$ cat input.csv   # CSV, C-alpha atoms
chain,number,residue,atom,x,y,z
Q,509,MET,CA,8.9,-164.3,94.9
Q,510,GLN,CA,11.8,-162.0,95.5
Q,511,ILE,CA,12.3,-158.3,96.4
Q,512,LEU,CA,14.0,-156.8,93.3
Q,513,SER,CA,14.6,-153.3,94.6
Q,514,ALA,CA,13.7,-151.0,97.4
Q,515,SER,CA,14.0,-147.2,97.3
Q,516,LYS,CA,13.4,-144.9,100.2
Q,517,ASN,CA,12.5,-141.3,101.0
Q,518,CYS,CA,13.0,-140.2,104.6
Q,519,GLU,CA,11.9,-136.7,105.7
Q,520,VAL,CA,11.9,-135.0,109.0
Q,521,ILE,CA,8.3,-134.7,110.3
Q,522,THR,CA,7.1,-131.1,110.3
Q,523,PRO,CA,3.8,-129.8,111.8
Q,524,ASP,CA,2.4,-129.2,108.3
Q,525,MET,CA,3.5,-132.5,106.8
Q,526,GLN,CA,0.7,-134.8,105.6
Q,527,ILE,CA,0.8,-137.9,107.8
Q,528,SER,CA,-2.0,-140.1,109.1
Q,529,THR,CA,-3.8,-139.3,112.3
Q,530,ALA,CA,-2.3,-142.3,113.9
Q,531,PHE,CA,1.2,-141.2,113.0
Q,532,ARG,CA,0.5,-137.7,114.2
Q,533,SER,CA,-0.7,-139.1,117.5
Q,534,CYS,CA,2.6,-141.1,117.9
Q,535,VAL,CA,4.7,-138.0,117.2
Q,536,ALA,CA,2.7,-136.1,119.8
Q,537,ILE,CA,3.2,-138.9,122.4
Q,538,TRP,CA,7.0,-138.8,121.5
Q,539,GLY,CA,6.9,-135.1,122.0
Q,540,ASP,CA,5.3,-135.4,125.4
Q,541,LEU,CA,8.0,-138.0,126.4
Q,542,CYS,CA,10.7,-135.4,125.6
Q,543,ASN,CA,9.5,-133.5,128.7
Q,544,GLY,CA,11.3,-130.3,127.6
Q,545,ASP,CA,14.5,-132.2,126.4
Q,546,ALA,CA,15.5,-132.6,122.7
Q,547,LEU,CA,14.9,-136.3,122.9
Q,548,PRO,CA,13.2,-138.6,125.3
Q,549,VAL,CA,15.0,-141.4,127.2
Q,550,TRP,CA,14.1,-144.9,126.0
Q,551,GLN,CA,12.2,-147.2,128.4
Q,552,ILE,CA,10.4,-150.3,127.3
Q,553,ASP,CA,7.3,-149.0,129.2
Q,554,ASN,CA,7.1,-146.2,126.7
Q,555,LEU,CA,5.4,-148.7,124.3
Q,556,LEU,CA,2.4,-148.7,126.6
Q,557,LEU,CA,1.8,-145.0,125.8
Q,558,PHE,CA,1.5,-145.6,122.0
Q,559,PRO,CA,-1.8,-146.6,120.3
Q,560,ALA,CA,-2.4,-150.3,121.1
Q,561,PRO,CA,-3.4,-151.3,117.5
Q,562,LEU,CA,0.0,-150.1,116.3
Q,563,VAL,CA,2.4,-151.6,118.9
Q,564,PRO,CA,2.1,-155.2,117.6
Q,565,TYR,CA,3.5,-154.0,114.2
Q,566,ALA,CA,6.3,-151.8,115.7
Q,567,ASN,CA,9.9,-152.6,116.3
Q,568,VAL,CA,12.6,-151.0,118.5
Q,569,THR,CA,16.3,-151.0,117.5
Q,570,ARG,CA,19.4,-149.9,119.4
Q,571,TRP,CA,22.8,-149.1,117.9
Q,572,GLU,CA,25.4,-151.1,119.6
Q,573,PRO,CA,29.0,-150.0,118.9
Q,574,ALA,CA,30.5,-153.2,120.3
Q,575,ILE,CA,29.0,-155.2,117.5
Q,576,ASN,CA,28.9,-152.3,114.9
Q,577,ASP,CA,25.3,-153.1,114.3
Q,578,TYR,CA,21.7,-152.4,115.4
Q,579,ARG,CA,20.0,-154.9,117.6
Q,580,PHE,CA,16.2,-155.4,117.8
Q,581,LEU,CA,15.1,-154.8,121.3
Q,582,PHE,CA,11.4,-155.3,120.5
Q,583,TRP,CA,9.8,-157.1,117.5
Q,584,GLY,CA,6.0,-156.8,117.7
Q,585,SER,CA,3.8,-159.9,117.8
Q,586,GLY,CA,1.9,-158.8,114.8
Q,587,ARG,CA,5.2,-158.6,112.8
Q,588,THR,CA,6.0,-162.1,113.9
Q,589,ASP,CA,2.6,-163.4,112.9
Q,590,MET,CA,2.6,-161.7,109.5
Q,591,MET,CA,6.3,-162.1,108.6
Q,592,LYS,CA,6.8,-165.6,110.1
Q,593,PHE,CA,10.0,-164.6,111.9
Q,594,ASP,CA,10.9,-162.9,115.2
Q,595,TYR,CA,14.0,-160.8,115.5
Q,596,THR,CA,13.8,-159.8,119.1
Q,597,SER,CA,17.3,-159.6,120.5
Q,598,LYS,CA,18.9,-160.3,117.1
Q,599,PRO,CA,21.3,-158.0,115.2
Q,600,LEU,CA,20.0,-156.3,112.1
Q,601,SER,CA,22.8,-158.1,110.1
Q,602,GLU,CA,20.7,-161.3,110.5
Q,603,LEU,CA,17.6,-159.8,108.9
Q,604,THR,CA,16.8,-161.2,105.5
Q,605,PRO,CA,16.5,-160.7,102.6
Q,606,GLU,CA,19.6,-158.5,102.5
Q,607,ILE,CA,18.0,-155.8,100.3
Q,608,TYR,CA,15.4,-155.4,103.0
Q,609,ALA,CA,18.1,-155.2,105.8
Q,610,ASP,CA,20.0,-152.6,103.7
Q,611,LEU,CA,16.9,-150.4,103.4
Q,612,VAL,CA,16.2,-150.6,107.2
Q,613,ARG,CA,19.9,-149.9,108.0
Q,614,SER,CA,20.0,-146.8,105.8
Q,615,GLU,CA,16.8,-145.4,107.4
Q,616,LEU,CA,18.0,-146.1,110.9
Q,617,ASN,CA,21.4,-144.4,110.2
Q,618,GLU,CA,19.6,-141.3,108.9
Q,619,VAL,CA,17.3,-141.1,111.9
Q,620,LEU,CA,20.2,-141.3,114.4
Q,621,LYS,CA,22.2,-138.7,112.4
Q,622,ILE,CA,19.4,-136.2,112.3
Q,623,ALA,CA,17.9,-137.2,115.8
Q,624,LYS,CA,14.4,-136.1,114.9
Q,625,PRO,CA,11.2,-138.0,114.1
Q,626,MET,CA,11.1,-139.0,110.5
Q,627,ARG,CA,8.6,-140.3,108.0
Q,628,SER,CA,9.9,-143.0,105.7
Q,629,SER,CA,8.2,-144.0,102.5
Q,630,ALA,CA,9.8,-146.9,100.6
Q,631,GLN,CA,8.8,-148.3,97.2
Q,632,VAL,CA,9.4,-152.1,97.0
Q,633,ARG,CA,9.4,-153.8,93.6
Q,634,LEU,CA,8.8,-157.5,93.6
Q,635,SER,CA,9.7,-160.2,91.1
Q,636,ASP,CA,6.0,-160.8,90.2
Q,637,GLY,CA,6.0,-157.3,88.8
Q,638,SER,CA,4.0,-155.7,91.6
Q,639,GLU,CA,5.1,-152.8,93.8
Q,640,SER,CA,4.3,-152.1,97.4
Q,641,GLN,CA,4.6,-148.9,99.3
Q,642,VAL,CA,5.8,-149.0,102.9
Q,643,ASP,CA,5.2,-146.0,105.1
Q,644,LYS,CA,6.4,-145.7,108.6
Q,645,ILE,CA,7.6,-143.3,111.2
Q,646,ARG,CA,10.8,-143.6,113.1
Q,647,LEU,CA,11.2,-141.9,116.4
Q,648,PRO,CA,14.6,-141.4,118.0
Q,649,PHE,CA,15.4,-141.9,121.7
Q,650,ARG,CA,18.4,-141.5,123.9
Q,651,ASP,CA,19.7,-143.8,126.6
Q,652,GLY,CA,20.3,-142.8,130.2
Q,653,ASP,CA,23.8,-141.5,129.3
Q,654,GLY,CA,22.4,-139.2,126.7
Q,655,ASN,CA,23.5,-141.2,123.6
Q,656,VAL,CA,21.1,-141.1,120.7
Q,657,ASN,CA,20.9,-144.8,120.0
Q,658,VAL,CA,17.4,-146.2,120.1
Q,659,ILE,CA,14.7,-145.9,117.4
Q,660,LEU,CA,11.0,-146.8,117.7
Q,661,SER,CA,9.7,-147.7,114.2
Q,662,ILE,CA,5.9,-147.7,113.7
Q,663,ASP,CA,4.4,-149.0,110.4
Q,664,ASP,CA,1.3,-148.0,108.6
Q,665,VAL,CA,-0.7,-151.1,109.7
Q,666,ARG,CA,-3.0,-151.2,106.6
Q,667,GLN,CA,0.1,-151.3,104.4
Q,668,PHE,CA,1.9,-153.7,106.7
Q,669,LEU,CA,-0.9,-156.3,106.5
Q,670,GLN,CA,-0.4,-156.3,102.7
Q,671,ARG,CA,3.3,-157.1,102.9
Q,672,TYR,CA,2.8,-160.8,102.5
Q,673,TYR,CA,5.9,-161.0,100.4
Q,674,LEU,CA,8.2,-160.6,103.4
Q,675,SER,CA,7.5,-164.1,104.7
Q,676,TRP,CA,8.0,-165.6,101.2
Q,677,ALA,CA,11.2,-163.6,100.6
Q,678,ARG,CA,12.5,-164.9,104.0
Q,679,ALA,CA,11.7,-168.5,103.1
Q,680,GLU,CA,13.4,-168.2,99.7
Q,681,THR,CA,16.5,-166.6,101.2
Q,682,ALA,CA,16.8,-169.4,103.9
Q,683,ALA,CA,16.5,-172.1,101.2
Q,684,GLN,CA,19.4,-170.7,99.2

$ encode --input "input.csv" --output "structure tokens"
Amino acid sequence: MQILSASKNCEVITPDMQISTAFRSCVAIWGDLCNGDALPVWQIDNLLLFPAPLVPYANVTRWEPAINDYRFLFWGSGRTDMMKFDYTSKPLSELTPEIYADLVRSELNEVLKIAKPMRSSAQVRLSDGSESQVDKIRLPFRDGDGNVNVILSIDDVRQFLQRYYLSWARAETAAQ
């Protein structure tokens, strides 16, 4: 099975936007971390503040100008178990299949440019004729120098657990 196409729709999260209670809770935690600033400073300990059932399916990326790419700082254990790969410490350019990496890169670029929490809703069309919706939130952070360069991405876990095709797509790409 292959991913044939993936289209996205990213929107800045507003107070009246329809998002899940879990996502709303994450945005509130992010807001508390801001502590009066426009963006919070990223620290790995921040993950402990987010709802425990969501963290295993989350990932954290950082833009690294030296490699002109994003690097995964954290790749949740639930992602690894489900997708059959672990990208912790790896650059986004190694993520496969390429169509999936391109979608992720596009969303991350948008979040860093706008520097506000965003909801992403992607439609993924598969070679077996099925479609899958992928909803997540992406929360921007800054480093200690004030650079906006870290993004915490949190998936809708119910949808994530139905994304069986990612491990298959990865295996097919590796075999080519």

$ closest_residue --input "input.csv" --among "Q:Asn567, Q:Asn657, Q:Ser533, Q:Thr522" --to "Val619 of chain Q" --atoms "all atoms listed in the file"
Q:Asn657

$ closest_residue --input "input.csv" --among "Q:Val632, Q:Ala530, Q:Ala574, Q:Leu603" --to "Ala560 of chain Q" --atoms "only C-alpha atoms"
Q:Ala530

$ closest_atom_pairs --input "input.csv" --of "segment 590-659 of chain Q" --to "segment 542-554 of chain Q" --cutoff "7 Å" --atoms "only C-alpha atoms" --output "Markdown table"
| residue | atom | partner | partner_atom | distance |
| --- | --- | --- | --- | --- |
| Q:Phe649 | CA | Q:Pro548 | CA | 5.4 |
| Q:Arg650 | CA | Q:Val549 | CA | 4.7 |
| Q:Asp651 | CA | Q:Val549 | CA | 5.3 |
| Q:Gly652 | CA | Q:Val549 | CA | 6.2 |
| Q:Val658 | CA | Q:Trp550 | CA | 6.9 |

$ residues_around --input "input.csv" --residues "Tyr595 of chain Q" --least-positions-apart "6" --cutoff "9 Å" --atoms "only C-alpha atoms" --output "JSON, numbers by chain"
{"Q": [579, 580, 581, 582, 583, 588, 602, 603]}

$ closest_residue --input "input.csv" --among "Q:Ile662, Q:Ile521, Q:Val568, Q:Asn655" --to "Leu620 of chain Q" --atoms "all atoms listed in the file"
Q:Asn655

$ closest_residue --input "input.csv" --among "Q:Val656, Q:Ile575, Q:Val563, Q:Met591" --to "Lys621 of chain Q" --atoms "all atoms listed in the file"
Q:Val656

$ atom_distance --input "input.csv" --atom1 "atom CA of Ser614 of chain Q" --atom2 "atom CA of Thr569 of chain Q"
13.0 Å

$ residues_around --input "input.csv" --residues "Arg646 of chain Q" --least-positions-apart "5" --cutoff "7 Å" --atoms "all atoms listed in the file" --output "PDB file with C-alpha atoms, keeping the file's coordinate frame"
ATOM      1  CA  PRO Q 625      11.200-138.000 114.100  1.00  0.00           C
ATOM      2  CA  MET Q 626      11.100-139.000 110.500  1.00  0.00           C
ATOM      3  CA  ARG Q 627       8.600-140.300 108.000  1.00  0.00           C
ATOM      4  CA  ILE Q 659      14.700-145.900 117.400  1.00  0.00           C
ATOM      5  CA  LEU Q 660      11.000-146.800 117.700  1.00  0.00           C
ATOM      6  CA  SER Q 661       9.700-147.700 114.200  1.00  0.00           C
ATOM      7  CA  ILE Q 662       5.900-147.700 113.700  1.00  0.00           C
TER       8      ILE Q 662
END

$ closest_residue --input "input.csv" --among "Q:Tyr578, Q:Asp589, Q:Glu519, Q:Cys534" --to "Ile622 of chain Q" --atoms "only C-alpha atoms"
Q:Glu519

$ closest_residue --input "input.csv" --among "Q:Ser628, Q:Ser528, Q:Val612, Q:Ser585" --to "Ala566 of chain Q" --atoms "all atoms listed in the file"
Q:Ser585

$ atom_distance --input "input.csv" --atom1 "atom CA of Asn517 of chain Q" --atom2 "atom CA of Gly637 of chain Q"
21.1 Å

$ atom_distance --input "input.csv" --atom1 "atom CA of Leu557 of chain Q" --atom2 "atom CA of Gly654 of chain Q"
21.4 Å

$ decode --input "input.csv" --residues "segment 600-645 of chain Q" --atoms "N, CA and C atoms" --output "PDB file, in the first residue's frame"
ATOM      1  N   LEU Q 600      14.460  15.462   9.510  1.00  0.00           N
ATOM      2  CA  LEU Q 600      13.208  15.224   8.798  1.00  0.00           C
ATOM      3  C   LEU Q 600      13.463  14.675   7.400  1.00  0.00           C
ATOM      4  N   SER Q 601      14.562  15.042   6.778  1.00  0.00           N
ATOM      5  CA  SER Q 601      14.861  14.570   5.422  1.00  0.00           C
ATOM      6  C   SER Q 601      14.964  13.048   5.337  1.00  0.00           C
ATOM      7  N   GLU Q 602      15.149  12.370   6.459  1.00  0.00           N
ATOM      8  CA  GLU Q 602      15.209  10.907   6.451  1.00  0.00           C
ATOM      9  C   GLU Q 602      13.837  10.259   6.601  1.00  0.00           C
ATOM     10  N   LEU Q 603      12.821  11.047   6.900  1.00  0.00           N
ATOM     11  CA  LEU Q 603      11.472  10.508   7.086  1.00  0.00           C
ATOM     12  C   LEU Q 603      10.923  10.022   5.757  1.00  0.00           C
ATOM     13  N   THR Q 604      10.371   8.828   5.759  1.00  0.00           N
ATOM     14  CA  THR Q 604       9.763   8.277   4.559  1.00  0.00           C
ATOM     15  C   THR Q 604       8.349   7.807   4.880  1.00  0.00           C
ATOM     16  N   PRO Q 605       7.484   7.744   3.900  1.00  0.00           N
ATOM     17  CA  PRO Q 605       7.710   8.081   2.502  1.00  0.00           C
ATOM     18  C   PRO Q 605       7.841   9.590   2.307  1.00  0.00           C
ATOM     19  N   GLU Q 606       8.419   9.987   1.181  1.00  0.00           N
ATOM     20  CA  GLU Q 606       8.714  11.388   0.910  1.00  0.00           C
ATOM     21  C   GLU Q 606       7.464  12.265   0.940  1.00  0.00           C
ATOM     22  N   ILE Q 607       6.350  11.744   0.447  1.00  0.00           N
ATOM     23  CA  ILE Q 607       5.118  12.537   0.419  1.00  0.00           C
ATOM     24  C   ILE Q 607       4.682  12.896   1.844  1.00  0.00           C
ATOM     25  N   TYR Q 608       4.932  12.001   2.774  1.00  0.00           N
ATOM     26  CA  TYR Q 608       4.621  12.244   4.184  1.00  0.00           C
ATOM     27  C   TYR Q 608       5.570  13.292   4.760  1.00  0.00           C
ATOM     28  N   ALA Q 609       6.859  13.162   4.454  1.00  0.00           N
ATOM     29  CA  ALA Q 609       7.851  14.130   4.933  1.00  0.00           C
ATOM     30  C   ALA Q 609       7.561  15.525   4.386  1.00  0.00           C
ATOM     31  N   ASP Q 610       7.158  15.607   3.127  1.00  0.00           N
ATOM     32  CA  ASP Q 610       6.837  16.903   2.523  1.00  0.00           C
ATOM     33  C   ASP Q 610       5.661  17.571   3.225  1.00  0.00           C
ATOM     34  N   LEU Q 611       4.653  16.789   3.571  1.00  0.00           N
ATOM     35  CA  LEU Q 611       3.487  17.313   4.291  1.00  0.00           C
ATOM     36  C   LEU Q 611       3.921  17.859   5.659  1.00  0.00           C
ATOM     37  N   VAL Q 612       4.706  17.082   6.388  1.00  0.00           N
ATOM     38  CA  VAL Q 612       5.181  17.499   7.709  1.00  0.00           C
ATOM     39  C   VAL Q 612       6.014  18.776   7.592  1.00  0.00           C
ATOM     40  N   ARG Q 613       6.944  18.820   6.647  1.00  0.00           N
ATOM     41  CA  ARG Q 613       7.807  19.991   6.460  1.00  0.00           C
ATOM     42  C   ARG Q 613       6.980  21.243   6.175  1.00  0.00           C
ATOM     43  N   SER Q 614       5.997  21.112   5.318  1.00  0.00           N
ATOM     44  CA  SER Q 614       5.145  22.241   4.964  1.00  0.00           C
ATOM     45  C   SER Q 614       4.419  22.781   6.189  1.00  0.00           C
ATOM     46  N   GLU Q 615       3.894  21.889   7.010  1.00  0.00           N
ATOM     47  CA  GLU Q 615       3.188  22.328   8.218  1.00  0.00           C
ATOM     48  C   GLU Q 615       4.134  22.967   9.220  1.00  0.00           C
ATOM     49  N   LEU Q 616       5.297  22.375   9.418  1.00  0.00           N
ATOM     50  CA  LEU Q 616       6.266  22.942  10.366  1.00  0.00           C
ATOM     51  C   LEU Q 616       6.708  24.332   9.923  1.00  0.00           C
ATOM     52  N   ASN Q 617       6.961  24.490   8.631  1.00  0.00           N
ATOM     53  CA  ASN Q 617       7.340  25.808   8.109  1.00  0.00           C
ATOM     54  C   ASN Q 617       6.260  26.844   8.407  1.00  0.00           C
ATOM     55  N   GLU Q 618       5.021  26.454   8.219  1.00  0.00           N
ATOM     56  CA  GLU Q 618       3.911  27.381   8.443  1.00  0.00           C
ATOM     57  C   GLU Q 618       3.817  27.783   9.916  1.00  0.00           C
ATOM     58  N   VAL Q 619       3.989  26.819  10.807  1.00  0.00           N
ATOM     59  CA  VAL Q 619       3.900  27.110  12.243  1.00  0.00           C
ATOM     60  C   VAL Q 619       5.027  28.052  12.672  1.00  0.00           C
ATOM     61  N   LEU Q 620       6.251  27.810  12.203  1.00  0.00           N
ATOM     62  CA  LEU Q 620       7.364  28.697  12.581  1.00  0.00           C
ATOM     63  C   LEU Q 620       7.163  30.101  12.015  1.00  0.00           C
ATOM     64  N   LYS Q 621       6.640  30.191  10.818  1.00  0.00           N
ATOM     65  CA  LYS Q 621       6.418  31.495  10.193  1.00  0.00           C
ATOM     66  C   LYS Q 621       5.389  32.312  10.973  1.00  0.00           C
ATOM     67  N   ILE Q 622       4.302  31.665  11.393  1.00  0.00           N
ATOM     68  CA  ILE Q 622       3.213  32.366  12.077  1.00  0.00           C
ATOM     69  C   ILE Q 622       3.469  32.476  13.579  1.00  0.00           C
ATOM     70  N   ALA Q 623       4.186  31.497  14.141  1.00  0.00           N
ATOM     71  CA  ALA Q 623       4.555  31.475  15.561  1.00  0.00           C
ATOM     72  C   ALA Q 623       3.347  31.535  16.488  1.00  0.00           C
ATOM     73  N   LYS Q 624       2.330  30.753  16.151  1.00  0.00           N
ATOM     74  CA  LYS Q 624       1.132  30.621  16.983  1.00  0.00           C
ATOM     75  C   LYS Q 624       0.688  29.166  16.945  1.00  0.00           C
ATOM     76  N   PRO Q 625      -0.027  28.716  17.971  1.00  0.00           N
ATOM     77  CA  PRO Q 625      -0.554  27.347  17.928  1.00  0.00           C
ATOM     78  C   PRO Q 625      -1.472  27.172  16.714  1.00  0.00           C
ATOM     79  N   MET Q 626      -1.297  26.048  16.033  1.00  0.00           N
ATOM     80  CA  MET Q 626      -2.082  25.786  14.833  1.00  0.00           C
ATOM     81  C   MET Q 626      -2.699  24.398  14.879  1.00  0.00           C
ATOM     82  N   ARG Q 627      -3.877  24.315  14.287  1.00  0.00           N
ATOM     83  CA  ARG Q 627      -4.517  23.014  14.082  1.00  0.00           C
ATOM     84  C   ARG Q 627      -4.253  22.625  12.635  1.00  0.00           C
ATOM     85  N   SER Q 628      -3.905  21.392  12.449  1.00  0.00           N
ATOM     86  CA  SER Q 628      -3.653  20.871  11.116  1.00  0.00           C
ATOM     87  C   SER Q 628      -4.634  19.736  10.872  1.00  0.00           C
ATOM     88  N   SER Q 629      -5.204  19.731   9.709  1.00  0.00           N
ATOM     89  CA  SER Q 629      -6.091  18.647   9.303  1.00  0.00           C
ATOM     90  C   SER Q 629      -5.672  18.223   7.907  1.00  0.00           C
ATOM     91  N   ALA Q 630      -5.146  17.018   7.785  1.00  0.00           N
ATOM     92  CA  ALA Q 630      -4.666  16.525   6.499  1.00  0.00           C
ATOM     93  C   ALA Q 630      -5.539  15.365   6.031  1.00  0.00           C
ATOM     94  N   GLN Q 631      -5.766  15.322   4.740  1.00  0.00           N
ATOM     95  CA  GLN Q 631      -6.461  14.199   4.111  1.00  0.00           C
ATOM     96  C   GLN Q 631      -5.409  13.392   3.367  1.00  0.00           C
ATOM     97  N   VAL Q 632      -5.321  12.110   3.673  1.00  0.00           N
ATOM     98  CA  VAL Q 632      -4.345  11.230   3.056  1.00  0.00           C
ATOM     99  C   VAL Q 632      -5.096  10.184   2.235  1.00  0.00           C
ATOM    100  N   ARG Q 633      -4.761  10.094   0.950  1.00  0.00           N
ATOM    101  CA  ARG Q 633      -5.392   9.112   0.065  1.00  0.00           C
ATOM    102  C   ARG Q 633      -4.409   7.975  -0.166  1.00  0.00           C
ATOM    103  N   LEU Q 634      -4.897   6.744   0.007  1.00  0.00           N
ATOM    104  CA  LEU Q 634      -4.051   5.559  -0.081  1.00  0.00           C
ATOM    105  C   LEU Q 634      -4.320   4.785  -1.363  1.00  0.00           C
ATOM    106  N   SER Q 635      -3.357   3.963  -1.738  1.00  0.00           N
ATOM    107  CA  SER Q 635      -3.465   3.208  -2.986  1.00  0.00           C
ATOM    108  C   SER Q 635      -4.564   2.154  -2.952  1.00  0.00           C
ATOM    109  N   ASP Q 636      -5.062   1.790  -1.780  1.00  0.00           N
ATOM    110  CA  ASP Q 636      -6.170   0.833  -1.713  1.00  0.00           C
ATOM    111  C   ASP Q 636      -7.522   1.525  -1.889  1.00  0.00           C
ATOM    112  N   GLY Q 637      -7.498   2.842  -2.167  1.00  0.00           N
ATOM    113  CA  GLY Q 637      -8.722   3.593  -2.396  1.00  0.00           C
ATOM    114  C   GLY Q 637      -9.286   4.256  -1.152  1.00  0.00           C
ATOM    115  N   SER Q 638      -8.725   3.959   0.004  1.00  0.00           N
ATOM    116  CA  SER Q 638      -9.237   4.546   1.242  1.00  0.00           C
ATOM    117  C   SER Q 638      -8.611   5.914   1.486  1.00  0.00           C
ATOM    118  N   GLU Q 639      -9.260   6.666   2.349  1.00  0.00           N
ATOM    119  CA  GLU Q 639      -8.748   7.963   2.773  1.00  0.00           C
ATOM    120  C   GLU Q 639      -8.701   7.993   4.280  1.00  0.00           C
ATOM    121  N   SER Q 640      -7.794   8.771   4.800  1.00  0.00           N
ATOM    122  CA  SER Q 640      -7.629   8.897   6.237  1.00  0.00           C
ATOM    123  C   SER Q 640      -7.484  10.379   6.576  1.00  0.00           C
ATOM    124  N   GLN Q 641      -8.098  10.785   7.654  1.00  0.00           N
ATOM    125  CA  GLN Q 641      -7.934  12.162   8.122  1.00  0.00           C
ATOM    126  C   GLN Q 641      -6.945  12.150   9.269  1.00  0.00           C
ATOM    127  N   VAL Q 642      -6.067  13.124   9.268  1.00  0.00           N
ATOM    128  CA  VAL Q 642      -5.029  13.239  10.290  1.00  0.00           C
ATOM    129  C   VAL Q 642      -5.149  14.632  10.908  1.00  0.00           C
ATOM    130  N   ASP Q 643      -5.648  14.697  12.133  1.00  0.00           N
ATOM    131  CA  ASP Q 643      -5.771  15.969  12.841  1.00  0.00           C
ATOM    132  C   ASP Q 643      -4.714  16.039  13.931  1.00  0.00           C
ATOM    133  N   LYS Q 644      -4.115  17.203  14.064  1.00  0.00           N
ATOM    134  CA  LYS Q 644      -3.122  17.409  15.116  1.00  0.00           C
ATOM    135  C   LYS Q 644      -3.045  18.884  15.431  1.00  0.00           C
ATOM    136  N   ILE Q 645      -2.386  19.180  16.517  1.00  0.00           N
ATOM    137  CA  ILE Q 645      -2.050  20.564  16.825  1.00  0.00           C
ATOM    138  C   ILE Q 645      -0.534  20.665  16.850  1.00  0.00           C
TER     139      ILE Q 645
END
